[in-house]
$ cat upload-v4.pdb   # PDB, C-alpha atoms
ATOM      1  CA  MET A1158     -79.959 -26.512-128.719
ATOM      2  CA  HIS A1159     -83.277 -27.591-130.115
ATOM      3  CA  SER A1160     -84.442 -31.162-130.784
ATOM      4  CA  LEU A1161     -87.491 -32.697-132.501
ATOM      5  CA  SER A1162     -88.541 -36.264-131.747
ATOM      6  CA  PRO A1163     -91.074 -37.868-134.186
ATOM      7  CA  LYS A1164     -93.933 -39.753-132.580
ATOM      8  CA  LEU A1165     -95.967 -42.461-134.313
ATOM      9  CA  SER A1166     -98.407 -44.953-132.763
ATOM     10  CA  ALA A1167    -101.211 -47.207-134.009
ATOM     11  CA  LYS A1168    -103.897 -49.317-132.382
ATOM     12  CA  LEU A1169    -103.668 -53.013-133.117
ATOM     13  CA  LEU A1170    -107.242 -53.827-132.310
ATOM     14  CA  GLY A1171    -109.796 -51.653-133.817
ATOM     15  CA  PHE A1172    -108.682 -48.715-135.807
ATOM     16  CA  GLY A1173    -107.118 -45.310-135.240
ATOM     17  CA  GLY A1174    -103.572 -43.903-134.900
ATOM     18  CA  GLU A1175    -101.495 -40.922-133.776
ATOM     19  CA  VAL A1176     -98.712 -39.016-135.552
ATOM     20  CA  GLY A1177     -96.808 -36.089-133.963
ATOM     21  CA  THR A1178     -93.533 -34.652-132.725
ATOM     22  CA  GLN A1179     -92.052 -33.788-129.350
ATOM     23  CA  HIS A1180     -89.990 -30.551-129.062
ATOM     24  CA  SER A1181     -87.361 -29.753-126.397
ATOM     25  CA  ALA A1182     -84.856 -26.893-125.981
ATOM     26  CA  GLU A1183     -81.642 -26.457-123.916
ATOM     27  CA  GLU A1184     -79.490 -23.366-123.567
ATOM     28  CA  THR A1185     -75.745 -23.266-122.669
ATOM     29  CA  ALA A1186     -73.198 -20.390-122.571
ATOM     30  CA  GLU A1187     -69.457 -20.490-123.337
ATOM     31  CA  PRO A1188     -66.977 -17.545-123.467
ATOM     32  CA  VAL A1189     -65.791 -16.612-126.933
ATOM     33  CA  LEU A1190     -62.179 -16.309-125.671
ATOM     34  CA  THR A1191     -60.543 -18.705-123.285
ATOM     35  CA  SER A1192     -58.361 -17.411-120.442
ATOM     36  CA  HIS A1193     -54.622 -17.134-121.166
ATOM     37  CA  SER A1194     -51.661 -16.462-118.900
ATOM     38  CA  LEU A1195     -50.139 -12.986-118.893
ATOM     39  CA  ASP A1196     -46.908 -14.122-120.541
ATOM     40  CA  ALA A1197     -48.848 -15.798-123.365
ATOM     41  CA  VAL A1198     -50.890 -12.642-123.979
ATOM     42  CA  PHE A1199     -47.709 -10.529-123.962
ATOM     43  CA  THR A1200     -45.981 -12.870-126.413
ATOM     44  CA  ASN A1201     -48.944 -12.762-128.805
ATOM     45  CA  ILE A1202     -49.140  -8.964-128.684
ATOM     46  CA  VAL A1203     -45.447  -8.315-129.330
ATOM     47  CA  ASN A1204     -45.429 -10.862-132.139
ATOM     48  CA  ASP A1205     -48.356  -9.025-133.746
ATOM     49  CA  ILE A1206     -46.482  -5.726-133.430
ATOM     50  CA  VAL A1207     -43.375  -7.247-135.017
ATOM     51  CA  SER A1208     -45.447  -8.695-137.869
ATOM     52  CA  GLU A1209     -46.673  -5.186-138.700
ATOM     53  CA  HIS A1210     -43.041  -4.216-139.483
ATOM     54  CA  LEU A1211     -43.201  -1.053-137.388
ATOM     55  CA  SER A1212     -39.428  -1.350-137.007
ATOM     56  CA  SER A1213     -36.908  -3.137-139.154
ATOM     57  CA  ASP A1214     -35.076  -4.915-136.325
ATOM     58  CA  GLY A1215     -37.864  -5.759-133.886
ATOM     59  CA  ILE A1216     -38.645  -4.466-130.378
ATOM     60  CA  LEU A1217     -36.280  -3.526-127.555
ATOM     61  CA  ILE A1218     -37.828  -3.146-124.074
ATOM     62  CA  VAL A1219     -35.635  -1.465-121.446
ATOM     63  CA  VAL A1220     -36.380  -2.158-117.761
ATOM     64  CA  ASP A1221     -34.475   0.305-115.567
ATOM     65  CA  GLU A1222     -33.865  -0.134-111.808
ATOM     66  CA  PHE A1223     -34.600  -3.841-112.106
ATOM     67  CA  ASP A1224     -32.904  -4.373-108.741
ATOM     68  CA  GLN A1225     -35.784  -2.516-107.057
ATOM     69  CA  ILE A1226     -38.241  -5.300-107.964
ATOM     70  CA  ARG A1227     -38.809  -7.151-104.716
ATOM     71  CA  ASP A1228     -39.505 -10.560-106.259
ATOM     72  CA  PRO A1229     -38.368 -11.044-109.898
ATOM     73  CA  SER A1230     -38.670 -14.830-109.713
ATOM     74  CA  GLY A1231     -39.814 -16.368-112.972
ATOM     75  CA  PHE A1232     -38.616 -13.490-115.137
ATOM     76  CA  ALA A1233     -35.482 -15.270-116.355
ATOM     77  CA  SER A1234     -37.571 -18.282-117.359
ATOM     78  CA  PHE A1235     -39.998 -15.971-119.159
ATOM     79  CA  LEU A1236     -37.151 -14.365-121.120
ATOM     80  CA  LYS A1237     -35.837 -17.789-122.041
ATOM     81  CA  ALA A1238     -39.223 -18.785-123.451
ATOM     82  CA  LEU A1239     -39.558 -15.432-125.205
ATOM     83  CA  ALA A1240     -36.240 -15.979-127.010
ATOM     84  CA  THR A1241     -37.823 -18.981-128.701
ATOM     85  CA  ASN A1242     -41.388 -17.749-129.175
ATOM     86  CA  ALA A1243     -40.626 -14.124-130.082
ATOM     87  CA  PRO A1244     -37.015 -13.964-131.341
ATOM     88  CA  LYS A1245     -37.322 -10.339-132.520
ATOM     89  CA  VAL A1246     -38.241  -9.077-129.066
ATOM     90  CA  LYS A1247     -35.295  -8.233-126.793
ATOM     91  CA  PHE A1248     -35.064  -7.003-123.208
ATOM     92  CA  CYS A1249     -32.385  -4.746-121.723
ATOM     93  CA  ILE A1250     -32.269  -5.209-117.937
ATOM     94  CA  VAL A1251     -30.565  -2.414-115.967
ATOM     95  CA  GLY A1252     -29.859  -2.635-112.251
ATOM     96  CA  VAL A1253     -27.322  -2.481-109.452
ATOM     97  CA  ALA A1254     -25.925  -5.857-108.395
ATOM     98  CA  ALA A1255     -22.644  -7.647-107.858
ATOM     99  CA  ASP A1256     -23.376 -10.146-110.639
ATOM    100  CA  MET A1257     -26.170 -11.410-112.859
ATOM    101  CA  GLN A1258     -27.352 -13.990-110.341
ATOM    102  CA  GLY A1259     -27.742 -11.253-107.769
ATOM    103  CA  LEU A1260     -29.773  -9.153-110.185
ATOM    104  CA  MET A1261     -32.080 -11.867-111.516
ATOM    105  CA  LYS A1262     -32.167 -13.996-108.330
ATOM    106  CA  GLU A1263     -32.405 -17.129-110.485
ATOM    107  CA  HIS A1264     -29.037 -18.865-110.400
ATOM    108  CA  GLU A1265     -29.880 -21.789-112.664
ATOM    109  CA  SER A1266     -31.124 -19.787-115.647
ATOM    110  CA  ALA A1267     -29.156 -16.550-115.408
ATOM    111  CA  ASP A1268     -25.709 -17.758-116.464
ATOM    112  CA  ARG A1269     -26.808 -19.548-119.618
ATOM    113  CA  LEU A1270     -29.427 -17.008-120.626
ATOM    114  CA  PHE A1271     -27.217 -13.925-120.397
ATOM    115  CA  ALA A1272     -23.899 -15.455-121.418
ATOM    116  CA  GLY A1273     -22.064 -13.014-123.668
ATOM    117  CA  SER A1274     -24.614 -10.213-123.246
ATOM    118  CA  ILE A1275     -23.622  -8.637-119.910
ATOM    119  CA  ILE A1276     -22.360  -5.045-119.983
ATOM    120  CA  ASN A1277     -20.529  -4.058-116.816
ATOM    121  CA  LEU A1278     -20.813  -0.343-116.054
ATOM    122  CA  THR A1279     -17.824   0.838-114.057
ATOM    123  CA  PRO A1280     -18.192   3.695-111.550
ATOM    124  CA  MET A1281     -17.395   7.181-112.833
ATOM    125  CA  ASN A1282     -13.761   8.169-112.489
ATOM    126  CA  GLU A1283     -12.576  11.306-110.726
ATOM    127  CA  GLY A1284     -12.294  13.292-113.954
ATOM    128  CA  GLU A1285     -15.895  12.537-114.931
ATOM    129  CA  LEU A1286     -17.214  13.454-111.488
ATOM    130  CA  ASP A1287     -15.164  16.651-111.537
ATOM    131  CA  GLU A1288     -16.728  17.516-114.890
ATOM    132  CA  ILE A1289     -20.211  17.269-113.343
ATOM    133  CA  ILE A1290     -19.207  19.933-110.818
ATOM    134  CA  SER A1291     -17.801  22.144-113.589
ATOM    135  CA  ILE A1292     -21.019  21.833-115.593
ATOM    136  CA  GLY A1293     -23.009  22.836-112.507
ATOM    137  CA  GLU A1294     -20.863  25.946-112.098
ATOM    138  CA  GLN A1295     -21.260  26.833-115.761
ATOM    139  CA  GLN A1296     -25.033  26.545-115.536
ATOM    140  CA  ILE A1297     -25.052  29.416-113.023
ATOM    141  CA  HIS A1298     -22.329  31.334-114.908
ATOM    142  CA  ASN A1299     -19.792  30.690-112.124
ATOM    143  CA  TYR A1300     -21.768  32.870-109.728
ATOM    144  CA  ILE A1301     -20.779  30.321-107.046
ATOM    145  CA  THR A1302     -17.797  27.993-107.425
ATOM    146  CA  PHE A1303     -16.316  25.001-105.605
ATOM    147  CA  THR A1304     -12.750  25.223-104.311
ATOM    148  CA  ARG A1305     -10.327  22.449-105.215
ATOM    149  CA  ASP A1306     -10.560  21.065-101.671
ATOM    150  CA  ALA A1307     -14.358  21.019-101.895
ATOM    151  CA  ARG A1308     -14.206  19.210-105.250
ATOM    152  CA  ASP A1309     -11.833  16.591-103.879
ATOM    153  CA  ARG A1310     -13.984  16.107-100.795
ATOM    154  CA  LEU A1311     -17.176  15.724-102.839
ATOM    155  CA  ILE A1312     -15.573  13.356-105.359
ATOM    156  CA  GLY A1313     -14.190  11.215-102.553
ATOM    157  CA  LEU A1314     -17.594  10.956-100.898
ATOM    158  CA  ALA A1315     -19.314  10.007-104.162
ATOM    159  CA  GLN A1316     -17.261   6.810-104.692
ATOM    160  CA  GLY A1317     -18.016   6.866-108.394
ATOM    161  CA  HIS A1318     -21.741   7.639-108.059
ATOM    162  CA  PRO A1319     -22.894  10.796-109.887
ATOM    163  CA  TYR A1320     -26.050  10.856-107.751
ATOM    164  CA  MET A1321     -24.017  11.769-104.658
ATOM    165  CA  VAL A1322     -22.364  14.656-106.512
ATOM    166  CA  HIS A1323     -25.781  15.938-107.624
ATOM    167  CA  LEU A1324     -27.364  15.531-104.181
ATOM    168  CA  VAL A1325     -24.623  17.119-102.077
ATOM    169  CA  GLY A1326     -23.659  19.684-104.707
ATOM    170  CA  LYS A1327     -27.218  20.942-105.077
ATOM    171  CA  TYR A1328     -27.699  21.593-101.367
ATOM    172  CA  ALA A1329     -24.211  23.077-100.999
ATOM    173  CA  LEU A1330     -24.984  25.581-103.766
ATOM    174  CA  ARG A1331     -28.346  26.401-102.221
ATOM    175  CA  ARG A1332     -26.798  27.067 -98.816
ATOM    176  CA  ALA A1333     -24.046  29.211-100.340
ATOM    177  CA  PHE A1334     -26.652  31.292-102.166
ATOM    178  CA  LEU A1335     -28.669  31.844 -98.989
ATOM    179  CA  ASP A1336     -25.492  32.812 -97.117
ATOM    180  CA  ASP A1337     -24.351  35.061 -99.983
ATOM    181  CA  ARG A1338     -21.085  33.166-100.377
ATOM    182  CA  LYS A1339     -19.296  32.946-103.725
ATOM    183  CA  ALA A1340     -17.132  29.922-102.906
ATOM    184  CA  ILE A1341     -17.811  26.510-101.377
ATOM    185  CA  GLY A1342     -15.043  24.916 -99.329
ATOM    186  CA  ALA A1343     -14.484  21.418 -97.942
ATOM    187  CA  THR A1344     -15.959  22.346 -94.559
ATOM    188  CA  HIS A1345     -19.140  23.501 -96.302
ATOM    189  CA  ILE A1346     -19.420  20.054 -97.923
ATOM    190  CA  ASP A1347     -19.266  18.440 -94.478
ATOM    191  CA  ASP A1348     -21.872  20.860 -93.122
ATOM    192  CA  THR A1349     -24.113  20.072 -96.085
ATOM    193  CA  LEU A1350     -23.816  16.335 -95.439
ATOM    194  CA  LYS A1351     -24.920  16.885 -91.860
ATOM    195  CA  SER A1352     -27.950  18.914 -92.905
ATOM    196  CA  ILE A1353     -28.936  16.380 -95.576
ATOM    197  CA  ALA A1354     -29.042  13.701 -92.889
ATOM    198  CA  GLU A1355     -30.938  15.874 -90.425
ATOM    199  CA  SER A1356     -33.581  17.012 -92.891
ATOM    200  CA  ALA A1357     -33.785  13.626 -94.717
ATOM    201  CA  SER A1358     -33.253  15.336 -98.066
ATOM    202  CA  ASP A1359     -33.141  11.859 -99.596
ATOM    203  CA  PRO A1360     -35.851  10.124 -97.551
ATOM    204  CA  VAL A1361     -35.294   6.702 -99.128
ATOM    205  CA  LEU A1362     -31.575   6.462 -98.396
ATOM    206  CA  GLU A1363     -32.020   8.091 -94.998
ATOM    207  CA  HIS A1364     -34.751   5.622 -94.015
ATOM    208  CA  ARG A1365     -32.540   2.719 -95.031
ATOM    209  CA  TYR A1366     -29.651   4.110 -93.005
ATOM    210  CA  ARG A1367     -31.737   4.558 -89.878
ATOM    211  CA  ARG A1368     -33.342   1.171 -90.258
ATOM    212  CA  ALA A1369     -29.915  -0.473 -90.440
ATOM    213  CA  VAL A1370     -28.565   1.510 -87.489
ATOM    214  CA  GLY A1371     -31.684   1.398 -85.319
ATOM    215  CA  ALA A1372     -30.855   2.721 -81.854
ATOM    216  CA  SER A1373     -27.467   1.008 -81.568
ATOM    217  CA  GLN A1374     -24.299   3.055 -81.583
ATOM    218  CA  GLN A1375     -22.267  -0.138 -81.969
ATOM    219  CA  ARG A1376     -24.218  -1.212 -85.057
ATOM    220  CA  GLU A1377     -23.636   2.185 -86.643
ATOM    221  CA  VAL A1378     -19.894   1.904 -85.965
ATOM    222  CA  VAL A1379     -19.799  -1.543 -87.588
ATOM    223  CA  LEU A1380     -21.883  -0.383 -90.567
ATOM    224  CA  LYS A1381     -19.506   2.494 -91.200
ATOM    225  CA  ALA A1382     -16.465   0.263 -90.728
ATOM    226  CA  LEU A1383     -17.810  -2.075 -93.411
ATOM    227  CA  ALA A1384     -18.337   0.828 -95.822
ATOM    228  CA  GLU A1385     -14.895   2.281 -95.196
ATOM    229  CA  THR A1386     -13.020  -0.999 -95.710
ATOM    230  CA  GLN A1387     -14.678  -1.994 -98.992
ATOM    231  CA  ASP A1388     -12.023  -2.772-101.626
ATOM    232  CA  SER A1389     -11.897  -1.921-105.340
ATOM    233  CA  GLN A1390     -13.953  -5.050-106.127
ATOM    234  CA  SER A1391     -16.691  -3.925-103.713
ATOM    235  CA  GLU A1392     -15.801  -6.755-101.346
ATOM    236  CA  ILE A1393     -15.317  -6.407 -97.595
ATOM    237  CA  LEU A1394     -12.872  -8.569 -95.647
ATOM    238  CA  THR A1395     -14.279  -8.878 -92.162
ATOM    239  CA  THR A1396     -10.819  -9.112 -90.599
ATOM    240  CA  THR A1397     -10.081  -5.576 -91.756
ATOM    241  CA  ALA A1398     -13.547  -4.226 -90.896
ATOM    242  CA  TYR A1399     -13.539  -5.823 -87.440
ATOM    243  CA  LYS A1400     -10.149  -4.284 -86.636
ATOM    244  CA  LEU A1401     -11.434  -0.826 -87.557
ATOM    245  CA  ALA A1402     -14.570  -1.379 -85.461
ATOM    246  CA  LEU A1403     -12.416  -2.565 -82.560
ATOM    247  CA  ASP A1404     -10.314   0.585 -82.814
ATOM    248  CA  ARG A1405     -13.574   2.511 -82.418
ATOM    249  CA  GLY A1406     -14.653   0.623 -79.314
ATOM    250  CA  VAL A1407     -16.730  -2.313 -80.656
ATOM    251  CA  ASP A1408     -15.222  -5.699 -79.785
ATOM    252  CA  ASN A1409     -18.097  -7.933 -80.946
ATOM    253  CA  ALA A1410     -18.513  -6.662 -84.509
ATOM    254  CA  SER A1411     -19.471 -10.094 -85.869
ATOM    255  CA  GLN A1412     -22.685  -9.972 -83.835
ATOM    256  CA  TYR A1413     -23.787  -6.787 -85.609
ATOM    257  CA  VAL A1414     -22.756  -8.077 -89.031
ATOM    258  CA  GLY A1415     -25.052 -11.015 -88.361
ATOM    259  CA  GLN A1416     -27.862  -8.534 -87.742
ATOM    260  CA  LEU A1417     -27.144  -6.377 -90.801
ATOM    261  CA  VAL A1418     -27.674  -9.308 -93.187
ATOM    262  CA  THR A1419     -31.228  -9.867 -91.905
ATOM    263  CA  ASP A1420     -34.430  -8.313 -93.238
ATOM    264  CA  GLU A1421     -35.120  -6.749 -89.851
ATOM    265  CA  TYR A1422     -32.264  -4.325 -90.460
ATOM    266  CA  GLY A1423     -32.782  -3.983 -94.210
ATOM    267  CA  ALA A1424     -30.417  -6.759 -95.357
ATOM    268  CA  GLU A1425     -28.053  -4.066 -96.630
ATOM    269  CA  ILE A1426     -25.068  -6.422 -96.739
ATOM    270  CA  THR A1427     -24.811  -9.954 -98.047
ATOM    271  CA  ARG A1428     -22.342 -12.749 -97.379
ATOM    272  CA  LEU A1429     -20.239 -13.750-100.390
ATOM    273  CA  ARG A1430     -18.097 -16.463 -98.857
ATOM    274  CA  GLU A1431     -16.137 -17.131 -95.692
ATOM    275  CA  GLU A1432     -15.024 -13.776 -94.179
ATOM    276  CA  TYR A1433     -16.179 -11.745 -97.200
ATOM    277  CA  TYR A1434     -19.278  -9.548 -97.469
ATOM    278  CA  ARG A1435     -20.642  -6.933 -99.846
ATOM    279  CA  PHE A1436     -23.177  -4.126 -99.719
ATOM    280  CA  THR A1437     -26.230  -5.050-101.778
ATOM    281  CA  ASP A1438     -26.355  -1.472-103.124
ATOM    282  CA  SER A1439     -23.102   0.373-103.851
ATOM    283  CA  LEU A1440     -24.895   3.732-103.728
ATOM    284  CA  PHE A1441     -26.042   3.001-100.200
ATOM    285  CA  CYS A1442     -22.465   2.095 -99.286
ATOM    286  CA  ALA A1443     -21.346   5.542-100.481
ATOM    287  CA  TYR A1444     -24.169   7.132 -98.488
ATOM    288  CA  VAL A1445     -23.135   5.248 -95.335
ATOM    289  CA  LYS A1446     -19.515   6.306 -95.738
ATOM    290  CA  ALA A1447     -20.493   9.953 -96.215
ATOM    291  CA  HIS A1448     -23.181  10.031 -93.505
ATOM    292  CA  PRO A1449     -22.274  11.778 -90.239
ATOM    293  CA  SER A1450     -22.687   9.674 -87.128
ATOM    294  CA  ILE A1451     -26.163   9.929 -85.615
ATOM    295  CA  LEU A1452     -25.353   8.037 -82.419
ATOM    296  CA  ARG A1453     -22.362   9.769 -80.955
ATOM    297  CA  ASP A1454     -22.955   8.867 -77.329
ATOM    298  CA  SER A1455     -25.618   7.422 -75.067
ATOM    299  CA  GLU A1456     -26.778  10.827 -73.822
ATOM    300  CA  ASN A1457     -27.354  12.376 -77.251
ATOM    301  CA  SER A1458     -28.468   9.456 -79.356
ATOM    302  CA  TRP A1459     -31.108   9.305 -82.030
ATOM    303  CA  LEU A1460     -34.126   7.141 -81.272
ATOM    304  CA  PRO A1461     -36.858   5.953 -83.678
ATOM    305  CA  GLY A1462     -39.358   8.719 -84.284
ATOM    306  CA  ALA A1463     -37.048  11.540 -83.182
ATOM    307  CA  ALA A1464     -37.114  14.643 -85.334
ATOM    308  CA  THR A1465     -33.383  15.345 -85.074
ATOM    309  CA  TRP A1466     -30.220  13.475 -84.205
ATOM    310  CA  GLY A1467     -27.117  14.035 -82.143
ATOM    311  CA  VAL A1468     -26.896  17.404 -80.451
ATOM    312  CA  SER A1469     -28.031  19.495 -83.408
ATOM    313  CA  THR A1470     -30.202  22.526 -82.653
ATOM    314  CA  PRO A1471     -31.935  25.045 -84.945
ATOM    315  CA  GLU A1472     -29.223  27.564 -84.058
ATOM    316  CA  THR A1473     -26.415  25.257 -85.184
ATOM    317  CA  ASP A1474     -28.143  23.718 -88.189
ATOM    318  CA  PRO A1475     -26.372  25.171 -91.262
ATOM    319  CA  VAL A1476     -28.904  24.356 -93.975
ATOM    320  CA  THR A1477     -32.375  23.637 -92.577
ATOM    321  CA  ASP A1478     -33.663  27.197 -93.089
ATOM    322  CA  GLY A1479     -34.843  27.673 -96.633
ATOM    323  CA  VAL A1480     -34.242  24.114 -97.799
TER     324      VAL A1480
END

$ encode --input "upload-v4.pdb" --output "structure tokens"
Amino acid sequence: MHSLSPKLSAKLLGFGGEVGTQHSAEETAEPVLTSHSLDAVFTNIVNDIVSEHLSSDGILIVVDEFDQIRDPSGFASFLKALATNAPKVKFCIVGVAADMQGLMKEHESADRLFAGSIINLTPMNEGELDEIISIGEQQIHNYITFTRDARDRLIGLAQGHPYMVHLVGKYALRRAFLDDRKAIGATHIDDTLKSIAESASDPVLEHRYRRAVGASQQREVVLKALAETQDSQSEILTTTAYKLALDRGVDNASQYVGQLVTDEYGAEITRLREEYYRFTDSLFCAYVKAHPSILRDSENSWLPGAATWGVSTPETDPVTDGV
């Protein structure tokens, strides 16, 4: 900024005068673009993409495993604003949860926002899970096959989750190949489950299991009782679970349920209402049900940091070598 100030003066007595200017300058700096929030920038960008007519119907953004986001707060409100500001941009949210409120963790906005647009994915039925096993056999030209008992055992353990069929089936086939066996029986499925736990073949699920169990045999009994008494609606009636735990020697099961809902033990179960609970992840529930006990007795119990569990030894481990 520059300024010029004219200057004029004259002497009243006598003669003479002065004419001139006074110059001053000042510099300031301002950013060309002002700062915007991330959601505003995103909205502007997707609207620009839509305006270019790159697709006839707009943009669909798919977010898989949404339930793994630790803190999704604010996302439902963002989607609500986006529906008004960018109507041709749609989101598909995929995740494991009992209901939409559990997935979005925003009870006030979720019901209204997603009304009429929720697609419930039911677990795979026995025929579909059996087909996965058949496809696996076909891929290796039936060089190794699963007996009917092994199929039934594996399907029962999976509880509708194809991941469990893939995980257990893969290691069962690998062990059969190393042992030069052409058939996999039900006992081989059980041996494979044991080795998967020992070697932490799925480190994420195994870590969650051990965090929930800790070093308490009683807590493991209660955790398994909860998984085994889950009904077709994925709900657990504590009266039934407590009776099963009592039959297995734990008479204060409610104490351990109170621990399992806390973050210290992974918060793997959640309270629905009086006397009813649910696993926060149905896949983890299937893993718990299939998992061999790691705390069989006080003399041979797993402790944090131990390399193995129970009384397993390298000589008795059926799968560790070569896996």

$ resolve_selection --input "upload-v4.pdb" --expression "the PyMOL selection byres ((chain A and resi 1221-1229) around 10)" --output "list of chain:residue names"
A:Ile1218, A:Val1219, A:Val1220, A:Ser1230, A:Gly1231, A:Phe1232, A:Ala1233, A:Cys1249, A:Ile1250, A:Val1251, A:Gly1252, A:Val1253, A:Ala1254, A:Gly1259, A:Leu1260, A:Met1261, A:Lys1262, A:Glu1263, A:Thr1437, A:Asp1438

$ residues_around --input "upload-v4.pdb" --residues "Met1321 in chain A" --least-positions-apart "5" --cutoff "10 Å" --atoms "only C-alpha atoms" --output "ChimeraX atom specification"
/A:1286,1311-1312,1314-1316,1326-1327,1440,1443-1444,1447

$ residues_around --input "upload-v4.pdb" --residues "Ile1297 in chain A" --least-positions-apart "6" --cutoff "12 Å" --atoms "only C-alpha atoms" --output "list in words"
Ile1290, Ser1291, Lys1327, Leu1330, Arg1331, Phe1334 and Lys1339 of chain A

$ closest_residue --input "upload-v4.pdb" --among "A:Ser1450, A:Gln1295, A:Thr1397, A:Gln1390" --to "Glu1355 in chain A" --atoms "only C-alpha atoms"
A:Ser1450

$ residues_around --input "upload-v4.pdb" --residues "Tyr1422 in chain A" --least-positions-apart "4" --cutoff "8 Å" --atoms "all atoms listed in the file" --output "list in words"
Arg1368, Ala1369, Val1370, Gly1371, Gln1416, Leu1417 and Val1418 of chain A

$ residues_around --input "upload-v4.pdb" --residues "Ile1292 in chain A" --least-positions-apart "4" --cutoff "12 Å" --atoms "all atoms listed in the file" --output "ChimeraX atom specification"
/A:1285-1288,1296-1299,1302-1303,1322-1323,1326

$ residues_around --input "upload-v4.pdb" --residues "Pro1280 in chain A" --least-positions-apart "2" --cutoff "8 Å" --atoms "only C-alpha atoms" --output "ChimeraX atom specification"
/A:1278,1282,1316-1318

$ resolve_selection --input "upload-v4.pdb" --expression "the PyMOL selection byres ((chain A and resi 1380-1389) around 10)" --output "VMD selection string"
chain A and resid 1366 1369 to 1370 1374 to 1379 1390 to 1403 1405 1410 1413 to 1414 1417 1425 to 1426 1434 to 1436 1439 1441 to 1450

$ atom_distance --input "upload-v4.pdb" --atom1 "CA of Ala1238 in chain A" --atom2 "CA of Glu1209 in chain A"
21.7 Å

$ atom_distance --input "upload-v4.pdb" --atom1 "CA of Asn1204 in chain A" --atom2 "CA of Ile1216 in chain A"
9.5 Å

$ atom_distance --input "upload-v4.pdb" --atom1 "CA of Asp1347 in chain A" --atom2 "CA of Thr1279 in chain A"
26.4 Å
